[in-house]
Structure formats: structure tokens, C-alpha cells
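Here's entry-v2.tsv, which has TSV, C-alpha atoms and all ligand atoms:
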chain	number	residue	atom	x	y	z
A	353	MET	CA	134.71	35.38	84.57
A	354	LYS	CA	137.70	33.73	82.95
A	355	SER	CA	139.61	33.63	86.24
A	356	GLU	CA	140.03	29.84	86.25
A	357	LYS	CA	141.79	29.89	82.91
A	358	ARG	CA	145.54	29.72	83.19
A	359	ILE	CA	148.27	31.64	81.45
A	360	LEU	CA	151.86	30.42	81.47
A	361	SER	CA	154.56	33.00	81.07
A	362	GLY	CA	158.27	32.71	81.66
A	363	MET	CA	161.54	34.56	81.53
A	364	ARG	CA	165.09	33.25	81.69
A	365	SER	CA	167.18	34.27	84.67
A	366	THR	CA	170.28	35.08	82.64
A	367	GLY	CA	171.02	38.20	84.71
A	368	PRO	CA	170.09	39.72	88.05
A	369	LYS	CA	168.06	42.62	86.75
A	370	LEU	CA	165.12	43.19	84.45
A	371	HIS	CA	165.06	46.31	82.31
A	372	ILE	CA	162.22	48.47	81.06
A	373	GLY	CA	162.44	46.64	77.70
A	374	ASN	CA	161.58	43.39	79.51
A	375	TYR	CA	158.72	45.25	81.15
A	376	GLU	CA	157.34	46.79	77.95
A	377	GLY	CA	157.83	43.63	75.90
A	378	ALA	CA	156.54	41.08	78.38
A	379	LEU	CA	155.73	41.99	81.98
A	380	ARG	CA	153.31	44.80	81.18
A	381	ASN	CA	151.12	42.30	79.40
A	382	TRP	CA	151.41	39.66	82.16
A	383	VAL	CA	150.37	42.20	84.76
A	384	LYS	CA	147.34	43.15	82.68
A	385	LEU	CA	146.36	39.51	82.10
A	386	GLN	CA	146.12	38.95	85.85
A	387	SER	CA	142.69	40.57	85.93
A	388	ASP	CA	141.22	37.89	83.66
A	389	TYR	CA	143.41	34.83	84.16
A	390	LYS	CA	145.52	32.93	86.64
A	391	VAL	CA	149.00	33.87	85.52
A	392	PHE	CA	151.75	31.35	86.28
A	393	ALA	CA	154.92	33.47	86.28
A	394	MET	CA	157.93	31.22	85.87
A	395	VAL	CA	161.59	32.07	86.26
A	396	ALA	CA	163.28	29.78	83.74
A	397	ASP	CA	166.56	28.85	85.41
A	398	TRP	CA	167.19	25.62	83.49
A	399	HIS	CA	166.78	27.58	80.27
A	400	ALA	CA	169.49	29.98	81.45
A	401	LEU	CA	171.88	27.01	81.34
A	402	THR	CA	171.74	26.74	77.56
A	403	THR	CA	174.01	29.77	77.40
A	404	GLN	CA	175.52	29.77	80.92
A	405	PHE	CA	176.47	26.13	81.44
A	406	ASN	CA	180.14	27.15	81.76
A	407	ASP	CA	179.46	29.01	84.95
A	408	PRO	CA	176.07	28.49	86.55
A	409	SER	CA	177.14	29.97	89.90
A	410	ALA	CA	175.02	33.12	89.54
A	411	ILE	CA	171.82	31.51	88.27
A	412	ALA	CA	170.22	30.74	91.66
A	413	ARG	CA	170.83	34.29	92.89
A	414	ASN	CA	169.67	35.77	89.57
A	415	SER	CA	166.45	33.75	89.71
A	416	ARG	CA	165.54	35.29	93.09
A	417	GLU	CA	166.34	38.77	91.81
A	418	VAL	CA	164.23	38.25	88.68
A	419	ALA	CA	161.36	37.01	90.85
A	420	LYS	CA	161.66	40.19	92.94
A	421	ASP	CA	161.46	42.27	89.77
A	422	PHE	CA	158.33	40.36	88.67
A	423	VAL	CA	156.64	41.30	91.94
A	424	ALA	CA	158.00	44.85	91.89
A	425	ALA	CA	156.57	45.30	88.38
A	426	GLY	CA	153.10	44.30	89.50
A	427	ILE	CA	152.81	40.50	89.46
A	428	ASP	CA	150.64	39.89	92.51
A	429	PRO	CA	151.90	36.75	94.25
A	430	GLU	CA	148.57	36.38	96.07
A	431	LYS	CA	146.83	35.79	92.74
A	432	SER	CA	149.61	34.61	90.47
A	433	PRO	CA	152.00	31.79	91.34
A	434	VAL	CA	155.58	33.02	90.99
A	435	PHE	CA	157.97	30.07	90.85
A	436	ILE	CA	161.34	28.80	89.69
A	437	GLN	CA	161.30	26.20	86.92
A	438	SER	CA	163.82	23.84	88.55
A	439	HIS	CA	161.72	23.65	91.71
A	440	ILE	CA	159.12	21.68	89.78
A	441	LYS	CA	160.97	18.49	88.83
A	442	GLU	CA	157.95	17.34	86.83
A	443	HIS	CA	159.15	19.68	84.06
A	444	ALA	CA	162.22	17.46	83.62
A	445	GLU	CA	160.14	14.31	83.37
A	446	LEU	CA	157.75	15.80	80.84
A	447	HIS	CA	160.69	17.16	78.87
A	448	LEU	CA	162.19	13.68	78.69
A	449	LEU	CA	158.96	12.06	77.56
A	450	LEU	CA	158.31	14.74	74.95
A	451	SER	CA	161.87	14.44	73.69
A	452	MET	CA	161.02	10.84	72.77
A	453	THR	CA	158.08	11.89	70.61
A	454	THR	CA	159.50	15.00	68.96
A	455	PRO	CA	161.04	14.50	65.50
A	456	LEU	CA	164.57	15.83	65.27
A	457	GLY	CA	163.76	17.66	62.03
A	458	TRP	CA	161.29	19.92	63.80
A	459	LEU	CA	164.01	21.11	66.15
A	460	GLU	CA	166.70	21.53	63.54
A	461	ARG	CA	164.33	23.68	61.51
A	462	VAL	CA	163.73	26.24	64.29
A	463	PRO	CA	164.89	29.50	62.64
A	464	THR	CA	167.02	30.71	65.57
A	465	PHE	CA	168.68	27.35	66.29
A	466	LYS	CA	171.55	27.49	63.77
A	467	GLU	CA	172.26	31.12	64.61
A	468	LYS	CA	172.40	30.46	68.37
A	469	GLN	CA	174.54	27.39	67.80
A	470	GLN	CA	177.05	29.52	65.91
A	471	ASP	CA	177.03	32.12	68.71
A	472	ILE	CA	177.97	29.45	71.23
A	473	GLY	CA	180.80	28.09	69.08
A	474	GLY	CA	179.33	25.66	66.56
A	475	ALA	CA	178.02	22.11	66.81
A	476	GLU	CA	181.04	20.81	68.73
A	477	ARG	CA	180.66	23.31	71.56
A	478	SER	CA	176.98	24.12	71.77
A	479	PRO	CA	174.98	21.84	74.05
A	480	TYR	CA	172.38	19.24	73.18
A	481	GLY	CA	170.08	21.27	75.44
A	482	LEU	CA	170.12	24.13	72.94
A	483	LEU	CA	168.56	21.87	70.33
A	484	GLY	CA	166.09	20.66	72.92
A	485	TYR	CA	165.21	24.15	74.15
A	486	PRO	CA	161.80	24.12	72.41
A	487	VAL	CA	161.03	20.69	73.92
A	488	LEU	CA	161.70	21.94	77.44
A	489	GLN	CA	159.71	25.06	76.68
A	490	SER	CA	156.86	22.85	75.47
A	491	ALA	CA	157.00	20.89	78.72
A	492	ASP	CA	156.89	24.18	80.67
A	493	ILE	CA	153.80	25.27	78.79
A	494	LEU	CA	151.84	22.05	78.32
A	495	MET	CA	152.30	21.13	81.99
A	496	TYR	CA	149.86	23.87	83.01
A	497	LYS	CA	147.33	23.23	80.21
A	498	PRO	CA	147.10	26.97	79.75
A	499	TYR	CA	144.41	28.80	77.87
A	500	GLY	CA	147.17	30.93	76.37
A	501	VAL	CA	150.78	32.00	76.37
A	502	PRO	CA	151.81	35.65	76.06
A	503	VAL	CA	154.36	35.92	73.33
A	504	GLY	CA	156.54	38.45	71.59
A	505	LYS	CA	156.35	38.30	67.81
A	506	ASP	CA	159.87	36.81	67.61
A	507	GLN	CA	158.82	33.86	69.79
A	508	ALA	CA	155.93	32.73	67.59
A	509	PRO	CA	157.85	29.87	65.85
A	510	HIS	CA	158.76	28.34	69.21
A	511	LEU	CA	155.15	28.32	70.26
A	512	GLU	CA	154.04	26.71	67.02
A	513	ILE	CA	156.39	23.81	67.79
A	514	SER	CA	154.93	23.53	71.28
A	515	ARG	CA	151.45	23.21	69.81
A	516	GLU	CA	152.73	20.56	67.37
A	517	ILE	CA	154.42	18.67	70.19
A	518	GLY	CA	151.18	18.71	72.20
A	519	ARG	CA	149.13	17.57	69.21
A	520	ARG	CA	151.54	14.76	68.47
A	521	PHE	CA	151.32	13.52	72.06
A	522	ASN	CA	147.51	13.60	71.86
A	523	ASN	CA	147.52	11.68	68.55
A	524	LEU	CA	149.84	9.01	69.87
A	525	TYR	CA	148.43	8.45	73.36
A	526	GLY	CA	145.08	10.20	73.65
A	527	GLU	CA	143.87	13.69	74.43
A	528	VAL	CA	145.84	15.13	77.37
A	529	PHE	CA	146.93	18.57	76.23
A	530	PRO	CA	144.32	21.12	75.16
A	531	GLU	CA	145.43	23.51	72.44
A	532	PHE	CA	146.56	26.90	73.74
A	533	VAL	CA	146.44	30.26	71.99
A	534	ASN	CA	149.16	32.87	71.47
A	535	ILE	CA	148.42	36.05	73.34
A	536	ILE	CA	150.21	38.64	71.29
A	537	GLY	CA	150.60	41.98	73.03
A	538	ASP	CA	150.84	45.28	71.21
A	539	GLU	CA	154.38	45.87	72.43
A	540	ALA	CA	157.11	47.38	70.30
A	541	VAL	CA	160.80	46.69	70.81
A	542	LEU	CA	162.14	49.32	73.19
A	543	PRO	CA	165.50	50.79	72.19
A	544	GLY	CA	168.39	51.07	74.59
A	545	ILE	CA	170.12	54.35	75.41
A	546	ASP	CA	172.33	53.79	72.32
A	547	MET	CA	169.25	53.17	70.06
A	548	ARG	CA	170.11	49.51	69.52
A	549	LYS	CA	167.56	47.09	71.00
A	550	MET	CA	167.59	47.43	74.78
A	551	SER	CA	169.38	44.28	75.94
A	552	LYS	CA	171.59	43.44	78.88
A	553	THR	CA	174.14	42.03	76.45
A	554	TYR	CA	174.60	45.55	75.02
A	555	ASP	CA	174.85	47.25	78.40
A	556	ASN	CA	172.38	49.90	77.23
A	557	CYS	CA	169.55	49.29	79.70
A	558	ILE	CA	167.49	51.21	82.18
A	559	TYR	CA	166.85	48.76	84.99
A	560	ILE	CA	163.79	48.55	87.21
A	561	ASN	CA	166.07	48.15	90.19
A	562	GLU	CA	168.53	50.99	89.85
A	563	SER	CA	168.55	54.34	91.58
A	564	PRO	CA	166.83	57.40	90.08
A	565	ASP	CA	170.30	58.97	89.84
A	566	GLU	CA	171.62	56.08	87.76
A	567	THR	CA	168.62	56.39	85.45
A	568	ALA	CA	169.17	60.14	85.16
A	569	LYS	CA	172.83	59.66	84.29
A	570	LYS	CA	171.98	57.16	81.56
A	571	ILE	CA	169.30	59.34	79.99
A	572	LYS	CA	171.65	62.33	80.03
A	573	ASN	CA	174.07	60.27	77.95
A	574	ALA	CA	171.43	58.72	75.69
A	575	PHE	CA	171.57	58.87	71.91
A	576	THR	CA	169.62	61.75	70.34
A	577	THR	CA	169.32	63.12	66.79
A	578	PRO	CA	173.00	63.44	65.77
A	579	THR	CA	172.36	66.49	63.55
A	580	LYS	CA	170.52	68.38	66.28
A	581	ILE	CA	173.26	70.48	67.83
A	582	LYS	CA	171.34	73.63	68.74
A	583	LYS	CA	167.80	73.83	70.02
A	584	SER	CA	166.60	75.25	66.67
A	585	ASP	CA	167.95	72.31	64.64
A	586	PRO	CA	165.10	69.97	63.65
A	587	GLY	CA	165.05	66.65	65.51
A	588	ILE	CA	164.07	63.21	64.22
A	589	PRO	CA	162.23	61.73	67.20
A	590	GLU	CA	161.86	58.29	65.57
A	591	GLY	CA	165.64	57.89	65.79
A	592	CYS	CA	166.16	59.45	69.21
A	593	ALA	CA	166.24	57.23	72.30
A	594	VAL	CA	165.05	60.01	74.59
A	595	CYS	CA	162.02	60.72	72.35
A	596	GLN	CA	161.26	57.00	72.26
A	597	TYR	CA	161.08	56.89	76.06
A	598	LEU	CA	158.97	60.06	76.07
A	599	ARG	CA	156.53	58.35	73.72
A	600	VAL	CA	156.05	55.51	76.22
A	601	TYR	CA	156.22	57.43	79.49
A	602	SER	CA	155.02	60.97	78.82
A	603	PRO	CA	151.29	61.57	78.22
A	604	ASN	CA	151.94	64.66	76.05
A	605	TRP	CA	154.60	63.07	73.89
A	606	LYS	CA	152.87	64.08	70.63
A	607	GLU	CA	153.35	67.78	71.34
A	608	LEU	CA	156.91	67.15	72.47
A	609	TRP	CA	157.68	65.27	69.28
A	610	ASP	CA	156.19	68.07	67.14
A	611	GLU	CA	158.23	70.68	68.96
A	612	ASP	CA	161.35	68.55	68.63
A	613	ARG	CA	160.79	68.21	64.87
A	614	GLN	CA	160.24	71.94	64.47
A	615	GLY	CA	163.32	72.88	66.47
A	616	LEU	CA	161.22	74.45	69.21
A	617	ARG	CA	162.81	72.41	71.97
A	618	GLY	CA	166.29	71.23	72.70
A	619	CYS	CA	167.71	67.85	73.64
A	620	SER	CA	168.53	68.88	77.19
A	621	GLN	CA	164.93	69.89	77.83
A	622	ASN	CA	163.78	66.55	76.37
A	623	LYS	CA	166.24	64.77	78.60
A	624	SER	CA	165.16	66.41	81.82
A	625	GLU	CA	161.48	65.76	81.07
A	626	CYS	CA	162.35	62.19	80.14
A	627	ILE	CA	164.28	61.61	83.37
A	628	GLU	CA	161.30	62.91	85.31
A	629	ALA	CA	158.81	60.72	83.41
A	630	VAL	CA	160.83	57.49	83.57
A	631	ASN	CA	161.71	57.88	87.24
A	632	GLU	CA	158.11	58.72	88.09
A	633	PHE	CA	156.93	55.63	86.23
A	634	LEU	CA	159.44	53.41	88.01
A	635	ARG	CA	158.90	54.94	91.46
A	636	PRO	CA	156.19	52.48	92.66
A	637	PHE	CA	158.18	49.55	91.25
A	638	ARG	CA	161.27	50.66	93.13
A	639	GLU	CA	159.32	51.20	96.33
A	640	ARG	CA	157.90	47.68	96.18
A	641	ARG	CA	161.32	46.32	95.24
A	642	ALA	CA	162.96	47.93	98.26
A	643	GLU	CA	160.52	46.17	100.58
A	644	LEU	CA	161.16	42.71	99.16
A	645	ASP	CA	163.86	41.10	101.27
A	646	ASP	CA	165.29	37.63	100.68
A	647	ASP	CA	162.97	35.93	103.18
A	648	THR	CA	159.88	37.44	101.61
A	649	ILE	CA	160.78	36.34	98.10
A	650	GLU	CA	161.64	32.86	99.38
A	651	GLN	CA	158.15	32.63	100.91
A	652	ILE	CA	156.57	33.84	97.69
A	653	LEU	CA	158.53	31.26	95.68
A	654	THR	CA	157.63	28.44	98.08
A	655	LYS	CA	153.95	29.26	97.83
A	656	GLY	CA	154.17	29.66	94.05
A	657	ALA	CA	155.97	26.33	93.69
A	658	ALA	CA	153.33	24.55	95.79
A	659	GLU	CA	150.57	25.86	93.52
A	660	ALA	CA	152.49	25.04	90.36
A	661	ARG	CA	153.43	21.59	91.64
A	662	ALA	CA	149.82	20.72	92.40
A	663	VAL	CA	148.92	21.31	88.75
A	664	ALA	CA	152.09	19.64	87.47
A	665	GLN	CA	151.52	16.48	89.51
A	666	GLN	CA	148.00	16.16	88.15
A	667	THR	CA	149.17	16.59	84.57
A	668	MET	CA	151.98	14.06	85.01
A	669	GLN	CA	149.54	11.53	86.43
A	670	GLN	CA	147.50	11.85	83.24
A	671	VAL	CA	150.60	11.72	81.04
A	672	ARG	CA	151.86	8.53	82.68
A	673	GLU	CA	148.44	6.92	82.45
A	674	ALA	CA	148.06	7.90	78.80
A	675	MET	CA	151.47	6.42	77.95
A	676	GLY	CA	151.13	3.43	80.23
A	677	ILE	CA	154.44	4.26	81.92
A	678	TRP	CA	154.04	3.91	85.66
B	1	LIG	P1	167.88	40.52	77.08
B	1	LIG	O1	167.94	40.85	75.60
B	1	LIG	O2	168.12	41.75	77.92
B	1	LIG	O3	168.78	39.37	77.45
B	1	LIG	P2	165.78	38.59	77.18
B	1	LIG	O4	166.17	38.06	75.85
B	1	LIG	O5	166.08	37.79	78.40
B	1	LIG	O6	166.39	40.08	77.37
B	1	LIG	O7	164.21	38.90	77.11
B	1	LIG	C1	163.26	38.59	78.08
B	1	LIG	C2	161.88	39.06	77.62
B	1	LIG	O8	161.89	40.48	77.45
B	1	LIG	C3	161.41	38.49	76.29
B	1	LIG	O9	160.01	38.28	76.37
B	1	LIG	C4	161.73	39.58	75.29
B	1	LIG	O10	160.86	39.53	74.17
B	1	LIG	C5	161.52	40.83	76.12
B	1	LIG	N1	162.44	41.91	75.71
B	1	LIG	C6	163.78	41.92	75.86
B	1	LIG	N2	164.32	43.07	75.41
B	1	LIG	C7	163.28	43.81	74.93
B	1	LIG	C8	163.18	45.11	74.32
B	1	LIG	N3	164.24	45.86	74.12
B	1	LIG	N4	161.95	45.55	73.95
B	1	LIG	C9	160.86	44.78	74.17
B	1	LIG	N5	160.89	43.56	74.73
B	1	LIG	C10	162.07	43.07	75.11

Written as C-alpha cells, how would this file's structure read?
Ligand code: ADP
Amino acid sequence: MKSEKRILSGMRSTGPKLHIGNYEGALRNWVKLQSDYKVFAMVADWHALTTQFNDPSAIARNSREVAKDFVAAGIDPEKSPVFIQSHIKEHAELHLLLSMTTPLGWLERVPTFKEKQQDIGGAERSPYGLLGYPVLQSADILMYKPYGVPVGKDQAPHLEISREIGRRFNNLYGEVFPEFVNIIGDEAVLPGIDMRKMSKTYDNCIYINESPDETAKKIKNAFTTPTKIKKSDPGIPEGCAVCQYLRVYSPNWKELWDEDRQGLRGCSQNKSECIEAVNEFLRPFRERRAELDDDTIEQILTKGAAEARAVAQQTMQQVREAMGIW
């Protein structure tokens, strides 16, 4: 089997809660990959600083909560190391060394860089770390010499840079970093209850760790076909948040969509079936989540860090030898 091959996957701890968009777009795939690979599941707390350097006081707490959501969603800490990026100081050393070999032009050309810089307040206010984000991400990845990295389609340019950074190191100092592949899942972007992309910045999310009542309330208020007032008005399920969730969480969504289109079912019926389906899907996650107290997650993170560190120390030994810096 491929069980010795590693996968590196990470998520920034920019908030305390993961939503079902994070699950559909990332975690679902990580959980699946566990049957074939050793999945290193990293909570990227240093990366959260690129946008939260003004007030980092919540990051440590958020990282623990995100780790709990990983486990609740099905990352098995017995098989898959769950760890916090900043606990493995080797990432900082590799980041520094790679920052010496990475041409500035590569970083300035990253499509999202200029846009993010503007969001933060332009070149005078946005941190140097934002420019270096892909270098730190490369260090995170290359450290574990993974077979592959699961990636959303929007992240592909970042990963291409990481491959280039690895290749450049190998060309300069000798073969240390094997090439990794992109593992592209079949995920679609999940809309929020307002039909924009589900994102915590829009406050339109259904969270793994919220009560079934909170979920029900949100779905009751979710955006549906605006021209469907009565049951007999035809719906447009493609543009209706409730129908989108039914597509993911209800096995007979095709019939429901047909009936919605033909005006054979109303929005309130859709909503109650959707509430049922989403809460049923999240039930095991929430049960596991409720059992994870602070001590348990701390133990999981300590064990995960020990496993990650063992690999990281080996890689850094090779890096220092290759560069002759010791
Ligand atoms: P947010 O937009 O809530 O801040 P992040 O940007 O931290 O979420 O995303 C973390 C991970 O979840 C990324 O892999 C991203 O591709 C995925 N993700 C986030 N929102 C969605 C969504 N609405 N649909 C699918 N995947 C998503």
C-alpha cells in the first residue's frame, strides 16, 4: 500500500470555527486521503499573522479550536499527525534559508499578492511576511517531502512556486526535495446562506461546531429563488442556497430539484428537509467535537508535533549538510 507516502495539508487558524465550506473544499478530501497516505494535518498559525498581526491574541486559542474541528470532521489523530505550525521551529529555519534562494520576482508575480496587499492597506502597511507567504508555505510543504498536497483550484499558483523553490534548491545544492504532486479534489465552492461564497468574513456560514438549532435558524433565513413566492412558482435551484445544500447532503436531491423547478414543492418544505439533512450529516462531527476537551486536544497536538518534528529534524539535517551551513 501507499501508506508510507506523506501528504501535507494545512489550514490557517484565522478564526475559532470551521464551516461546512472548509469541510467540502478541503477536509473531506484530507479525511479520504487518510486511507492511502499518512496525512500531516497542520494548523497554520504563523500564516494567520499575515492578516492578524495587529492583534494576535486569539490565534493560539483559535488554533486549538481548529485542531478540534479537524478531529471532529474525521482526521484520525492515531494515524494522522495533527500539529500547530509554530510548534515546529524548523519551519522558520527552512523559511529563512529558502528566502535566500527565492527570486523576488517570483513572489511579486503571485496573482493574489497585489490584491491582498491592497486589502491590508497598500505597500506601506502590508507586512513583508505577506510577500513571503509562498516561501513559508513552501517550507511547510517541502519539510515533509510529501508525495502530494491537496489543493483547491485557486491555490494552484502557490503550489507551482513551491515546486520551483524546491527545484531551485536542488539545482543549487543537490537533490534534497523530491517533487510533489497536486492532489486536486472534485470539490465545488459551497455558497453561504446568502449565496455568496461561504466565508467567515461574510458571516454567512454553517459551522461544524454550532448547535442544530443555530443551523436550523440559519437555513430558515437562507437565500432562495427570489421570484418563488408561492409553492407553485418555479424555482431556480442553481441560485438557491437551500437547494445547493440539498444537492450535497440529500441523496434524493435530483427529484427535489425537479419538483422545485416545476413548482411542485415550496421553499419551506425544502428548508425543513435541508435542516434535517445538514444536521444529520453534522451529528457525528458534533458528537465527537463535544467529547474533545482542552486536555485531549493538547495531547493530540503534542503527539502530532513529536511526529512532525522527527521528520522536520531529519530534513533540516539534510538541508544544512547540502548547503554546508552547520
Ligand atoms: P474563509 O473564507 O472562511 O476564511 P479560508 O480562506 O480560511 O476560509 O479557507 C480554508 C480552506 O477552506 C481552503 O482550503 C479553502 O479553499 C476552503 N474553503 C473556504 N471556503 C470555502 C467554500 N465556501 N467552499 C469550498 N471550500 C472553501

Distance in Å - atom CA of His447 of chain A versus atom CA of Arg672 of chain A: 12.9 Å

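Considering only C-alpha atoms and all ligand atoms, the residue among A:Met668, A:Ala540, A:Ile652, A:Ile493 positioned nearest to ligand LIG 1 (chain B) is A:Ala540.
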
All residues 10 Å or closer to Ala508 of chain A, only C-alpha atoms, same chain fewer than 6 positions away omitted, as a ChimeraX atom specification: /A:502,514,534,536

Padding of 5 Å on every side, edges along x, y and z, all listed atoms of segment 494-510 of chain A included: what centre and edge lengths in Å, to one decimal, does that box have, as AutoDock Vina command-line options?
--center_x 152.1 --center_y 29.8 --center_z 74.4 --size_x 25.5 --size_y 27.3 --size_z 27.2

Test item: residues lying within 9 Å of ligand LIG 1 (chain B) with all atoms listed in the file, as a VMD selection string: chain A and resid 361 to 367 369 to 379 502 to 507 539 to 544 548 to 555 557

Spatial neighbours of Phe575 of chain A, max dist 7 Å, all atoms listed in the file, sep filter under 6 positions, as a ChimeraX atom specification: /A:545-547,592-593

Closest contacts (segment 382-460 of chain A/segment 675-678 of chain A, max 12 Å, only C-alpha atoms) as a Markdown table:
| residue | atom | partner | partner_atom | distance |
| --- | --- | --- | --- | --- |
| A:Glu445 | CA | A:Ile677 | CA | 11.6 |
| A:Leu446 | CA | A:Met675 | CA | 11.7 |
| A:Leu449 | CA | A:Met675 | CA | 9.4 |
| A:Leu450 | CA | A:Met675 | CA | 11.2 |
| A:Met452 | CA | A:Met675 | CA | 11.7 |
| A:Thr453 | CA | A:Met675 | CA | 11.3 |

Separation of atom CA of Glu417 of chain A from atom CA of Glu562 of chain A, in Å and rounded to one decimal: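 We find that atom CA of Glu417 of chain A and atom CA of Glu562 of chain A lie 12.6 Å from each other.
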
A:Val418, A:Val533, A:Leu634, A:Ala424 ranked by distance to Ser563 of chain A, top pick (using all atoms listed in the file): A:Leu634

Residue nearest Tyr601 of chain A - candidates A:Ser451, A:Thr667, A:Asn631, A:Thr577, atoms counted: all atoms listed in the file: A:Asn631

Of the listed residues A:Leu401, A:Ile472, A:Ile436, A:Ala574, that which approaches Glu650 of chain A most closely, counting all atoms listed in the file: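 When distances to Glu650 of chain A are compared using all atoms listed in the file, the smallest one comes from A:Ile436.
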
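Atom CA of Lys572 of chain A to atom CA of Phe422 of chain A spans 27.1 Å [interatomic distance, one decimal].
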
Non-local contacts of Ala657 of chain A (6 Å; all atoms listed in the file; under 4 positions in same chain excluded) as number ranges by chain: A: 435, 653, 661

Top pick for closest residue to Gly518 of chain A, considering A:Ser438, A:Thr454, A:Asn414, A:Ser584 and counting all atoms listed in the file: A:Thr454

Non-local contacts of Glu643 of chain A (12 Å; only C-alpha atoms; under 6 positions in same chain excluded) as a PyMOL selection string: chain A and resi 420-421+423-424+561+636-637+649

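Distances from A:Pro463, A:Pro429, A:Pro498, A:Gly587 to Gly615 of chain A were compared using all atoms listed in the file, and the smallest one belongs to A:Gly587.
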
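Close to (153.7, 29.7, 92.3), meaning no more than 7 Å away when counting only C-alpha atoms, sit the residues A:Phe392, A:Ser432, A:Pro433, A:Val434, A:Phe435, A:Leu653, A:Lys655, A:Gly656, A:Ala657, A:Ala658, A:Glu659, A:Ala660.
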
Surrounding residues of Gln437 of chain A excluding itself and chain neighbours under 6 positions, 8 Å, all atoms listed in the file, as a PyMOL selection string: chain A and resi 394-398+443+492

Sel. within 12 Å of pt (147.8, 9.5, 71.8), counting only C-alpha atoms, output as a VMD selection string: chain A and resid 453 517 to 529 670 to 676
